[in-house]
Amino acid sequence: MTKKQILINSLFTENAVWRQILGICSALAVTNLLMNSLVMGLGVIFTLACSCFTISMLRNYIPNRIRMMVQVLIIASFVIIVDIFLRAFLPNMSKALGPYVGLIITNCIIMGRAEAFASKNTPVNSAIDGIGAGAGYALVLLIIAFFRELFGFGTLFGVQVLGAWWTKWSIMVMAPSAFFMLALLMWGVYTLQTKAKKS
Amino acid sequence: MEKQKIYFSETKFYPVFFMMVITIICVGILATFYHLTNKRVENYQATQIQKQVLETFELPVMSVKEDYEKYITVRTRDNINFYEAKRDNIVIGYCFPMQGSGLWGTIRALVALDVELSQITGFSIIEQNETPGLGARITEAWFLNQFKKKPIILNDEIIKYSLIPEEEKAGIKEIQQITGATASSRAIVNILYNNLVEIINKFKNS
């Protein structure tokens with residue numbers, strides 16, 4: 001596979017959320033505002049790229065029996081770096097995302113990519129795969145957050161888009177709407193992908 | 001028989017050794033990063049509290065650091081730390097940090113009282129872990145503003161405010177609770193009562 005293929009594959013074709021149904025928990029939790037989703041997405045992209053790169057570099061030295069321990073340790077370190085960075089430089093964002101930054105550690109996408117790709121491929125390719133999977137995750141978050149913020153608050157990135165005539169849909173701000181939106185998105189993508197395959 | 005050479009990477013010690021080395025490296029990097037940014041985080045948190053103290057007193061905030069130094073002095077009496085606000089050298093009120101348990105975790109709050117310690121002039125939440133969208137609404141202005149101008153003592157007794165539904169009009173001893181978050185609303189009223197009892201008992205005597 002070429003580098004471009006790797007990227008497209010992990011970004012769209014094998015998208016972690018709508019194809020592999022991974023990382024759902026945080027995708028549901030932080031998507032009521034676009035800004036939160038963007039920062040969360042960037043955090044995951046950073047963690048994925050760095051941890052996949054590092055794990056791939058060490059792949060020939062990591063003893064097979066303890067590889068998962070090592071992977072979690074490396075992933076956790078990068079997540080804590082993201083957490084400390086947010087605390088120091090974007091304190092309001094850190095407050096808004098709350099425990100979800102720390103929970104990137106348990107995001108299945110990252111362990112999944114480390115096991116499935118980084119432990120078998122070269123560092124650069126692994127980093128590309130990581131960026132692709134992370135961007136795929138961020139893409140889903142942004143799509144869901146776009147609708148939730150627009151309908152729930154009438155704003156996009158905090159800027160008022162819909163006027164006072166708009167009745168805010170409170171349900172869009174709360175958790176259930178995330179489930180509906182995610183299901184609709186998966187349905188839409190699945191229909192499109194099967195259609196594309198047939199023709 | 002020829003003795004076979006065993007590489008270190010095949011021994012039982014290798015995984016242990018590997019794990020130790022990689023742990024030391026990771027922890028080392030994190031510790032360095034933490035120390036580099038720690039000061040910034042602490043500064044920010046200190047400024048946040050200072051800003052909130054000023055806001056609880058309803059003092060105008062232009063520059064947090066300057067205004068805080070101008071108006072606020074930290075005092076201690078009977079092991080209670082509190083903030084004293086002065087305007088043109090006249091004491092205008094006191095602000096007490098208080099804490100207690102909420103539904104999910106500790107709630108920390110600030111309450112500002114007038115000079116006679118007879119009524120609440122401001123109330124704000126520093127830290128809470130209540131349910132987002134429900135209990136977390138205790139930080140909303142309409143809820144907190146209800147406490148403003150509430151008397152503390154009635155007939156020589158410290159008032160414990162009672163909760164009424166959100167849409168009803170609140171009397172002098174009543175607070176409108178948050179719909180769907182009775183536990184968090186009650187927690188706030190209890191924290192306020194418990195802490196006020198302690199503060200008033202200690203301070204009224206002296």
# chains A, B, ... in the order shown; residues from 1 in each chain; ligands from 1
>>> closest_atom_pairs(of="chain A", to="chain B", cutoff="9 Å", atoms="only C-alpha atoms", output="CSV")
residue,atom,partner,partner_atom,distance
A:Tyr61,CA,B:Ser9,CA,8.3
A:Ile62,CA,B:Phe18,CA,7.5
A:Pro63,CA,B:Pro15,CA,5.9
A:Asn64,CA,B:Pro15,CA,8.8
A:Arg65,CA,B:Pro15,CA,8.0
A:Ile66,CA,B:Pro15,CA,6.9
A:Met69,CA,B:Met19,CA,8.3
A:Val70,CA,B:Met19,CA,7.0
A:Leu73,CA,B:Thr23,CA,7.4
A:Ile74,CA,B:Cys26,CA,7.2
A:Ser77,CA,B:Cys26,CA,6.3
A:Phe78,CA,B:Leu30,CA,8.7
A:Ile80,CA,B:Leu30,CA,7.5
A:Ile81,CA,B:Leu30,CA,6.8
A:Ile84,CA,B:Tyr34,CA,6.8
A:Phe85,CA,B:Thr37,CA,7.8
A:Arg87,CA,B:Val41,CA,6.4
A:Ala88,CA,B:Val41,CA,5.0
A:Phe89,CA,B:Arg40,CA,8.2
A:Pro91,CA,B:Tyr44,CA,8.0
A:Val173,CA,B:Gly133,CA,8.4
A:Met174,CA,B:Gly133,CA,7.2
>>> select_by_dssp(residues="region 6-149 of chain B", states="helix (DSSP H, G or I)", output="ChimeraX atom specification")
/B:8-10,13-56,64-71,135-139,141-145
>>> residues_around(residues="Leu196 (chain B)", least_positions_apart="6", cutoff="9 Å", atoms="only C-alpha atoms", output="list of chain:residue names")
B:Met98, B:Ile152, B:Ile158
>>> write_last_selection(atoms="N, CA, C and O atoms", output="mmCIF file, in the first residue's frame")
data_model
loop_
_atom_site.group_PDB
_atom_site.id
_atom_site.type_symbol
_atom_site.label_atom_id
_atom_site.label_comp_id
_atom_site.auth_asym_id
_atom_site.auth_seq_id
_atom_site.Cartn_x
_atom_site.Cartn_y
_atom_site.Cartn_z
ATOM 1 N N MET B 98 -16.399 27.906 51.265
ATOM 2 C CA MET B 98 -17.055 26.810 51.967
ATOM 3 C C MET B 98 -17.083 25.573 51.083
ATOM 4 O O MET B 98 -16.958 25.667 49.870
ATOM 5 N N ILE B 152 -29.808 36.067 56.697
ATOM 6 C CA ILE B 152 -29.216 34.849 57.233
ATOM 7 C C ILE B 152 -29.923 34.442 58.522
ATOM 8 O O ILE B 152 -30.137 33.275 58.785
ATOM 9 N N ILE B 158 -30.449 30.758 62.548
ATOM 10 C CA ILE B 158 -29.938 30.803 61.184
ATOM 11 C C ILE B 158 -30.926 30.095 60.264
ATOM 12 O O ILE B 158 -31.384 28.989 60.558
#
>>> residues_around(residues="region 48-52 of chain A", least_positions_apart="3", cutoff="7 Å", atoms="only C-alpha atoms", output="VMD selection string")
chain A and resid 44 to 45 55 to 56 74 to 75 78 110 114 118 126 to 128 130 to 131 134
>>> residues_around(residues="region 172-179 of chain B", least_positions_apart="4", cutoff="6 Å", atoms="only C-alpha atoms", output="PDB file with N, CA and C atoms, in the first residue's frame")
ATOM      1  N   TYR B 161     -32.832  27.501  54.178  1.00  0.00           N
ATOM      2  CA  TYR B 161     -33.763  27.793  53.091  1.00  0.00           C
ATOM      3  C   TYR B 161     -34.451  26.517  52.638  1.00  0.00           C
ATOM      4  N   SER B 162     -35.728  26.629  52.335  1.00  0.00           N
ATOM      5  CA  SER B 162     -36.426  25.452  51.820  1.00  0.00           C
ATOM      6  C   SER B 162     -36.582  25.581  50.311  1.00  0.00           C
ATOM      7  N   LEU B 163     -36.700  24.427  49.660  1.00  0.00           N
ATOM      8  CA  LEU B 163     -36.741  24.410  48.195  1.00  0.00           C
ATOM      9  C   LEU B 163     -38.178  24.404  47.693  1.00  0.00           C
ATOM     10  N   ILE B 164     -38.416  25.155  46.616  1.00  0.00           N
ATOM     11  CA  ILE B 164     -39.729  25.131  45.974  1.00  0.00           C
ATOM     12  C   ILE B 164     -39.516  24.895  44.478  1.00  0.00           C
ATOM     13  N   PRO B 165     -40.538  24.437  43.752  1.00  0.00           N
ATOM     14  CA  PRO B 165     -40.372  24.176  42.319  1.00  0.00           C
ATOM     15  C   PRO B 165     -39.911  25.403  41.533  1.00  0.00           C
ATOM     16  N   GLU B 166     -39.287  25.130  40.401  1.00  0.00           N
ATOM     17  CA  GLU B 166     -38.654  26.188  39.612  1.00  0.00           C
ATOM     18  C   GLU B 166     -39.624  27.288  39.179  1.00  0.00           C
ATOM     19  N   SER B 185     -29.581  20.667  44.278  1.00  0.00           N
ATOM     20  CA  SER B 185     -30.129  21.891  44.857  1.00  0.00           C
ATOM     21  C   SER B 185     -30.105  21.797  46.375  1.00  0.00           C
TER      22      SER B 185
END
>>> closest_residue(among="A:Ile171, A:Val159, A:Cys108, A:Leu38", to="Ile21 (chain A)", atoms="only C-alpha atoms")
A:Cys108
>>> residues_around(residues="region 148-152 of chain A", least_positions_apart="2", cutoff="9 Å", atoms="only C-alpha atoms", output="list in words")
Thr31, Asn32, Leu33, Leu34, Ile143, Ile144, Ala145, Phe146, Gly154, Thr155, Leu156, Phe157, Gly158, Gln160, Val161, Leu162, Trp166, Thr167, Lys168, Trp169, Ser170, Ile171, Met172, Val173, Met174, Ser177, Ala178 and Met181 of chain A
>>> select_by_dssp(residues="region 10-176 of chain A", states="strand (DSSP E)", output="PyMOL selection string")
chain A and resi 155-156+159-160
>>> atom_distance(atom1="CA of Leu113 (chain B)", atom2="CA of Tyr94 (chain B)")
5.3 Å
>>> closest_residue(among="A:Leu139, A:Met1, A:Met40, A:Thr47", to="Ser94 (chain A)", atoms="only C-alpha atoms")
A:Met40
>>> closest_residue(among="B:Thr131, B:Thr139, B:Ser124, B:Gln99", to="Leu54 (chain B)", atoms="only C-alpha atoms")
B:Ser124
>>> residues_around(residues="Ser63 (chain B)", least_positions_apart="4", cutoff="10 Å", atoms="only C-alpha atoms", output="JSON, numbers by chain")
{"B": [51, 67, 68]}
>>> closest_residue(among="A:Thr13, A:Thr122, A:Asn36, A:Gln20", to="Gln193 (chain A)", atoms="only C-alpha atoms")
A:Thr13
>>> closest_residue(among="B:Arg75, B:Ile153, B:Thr56, B:Phe13", to="Gln119 (chain B)", atoms="only C-alpha atoms")
B:Ile153
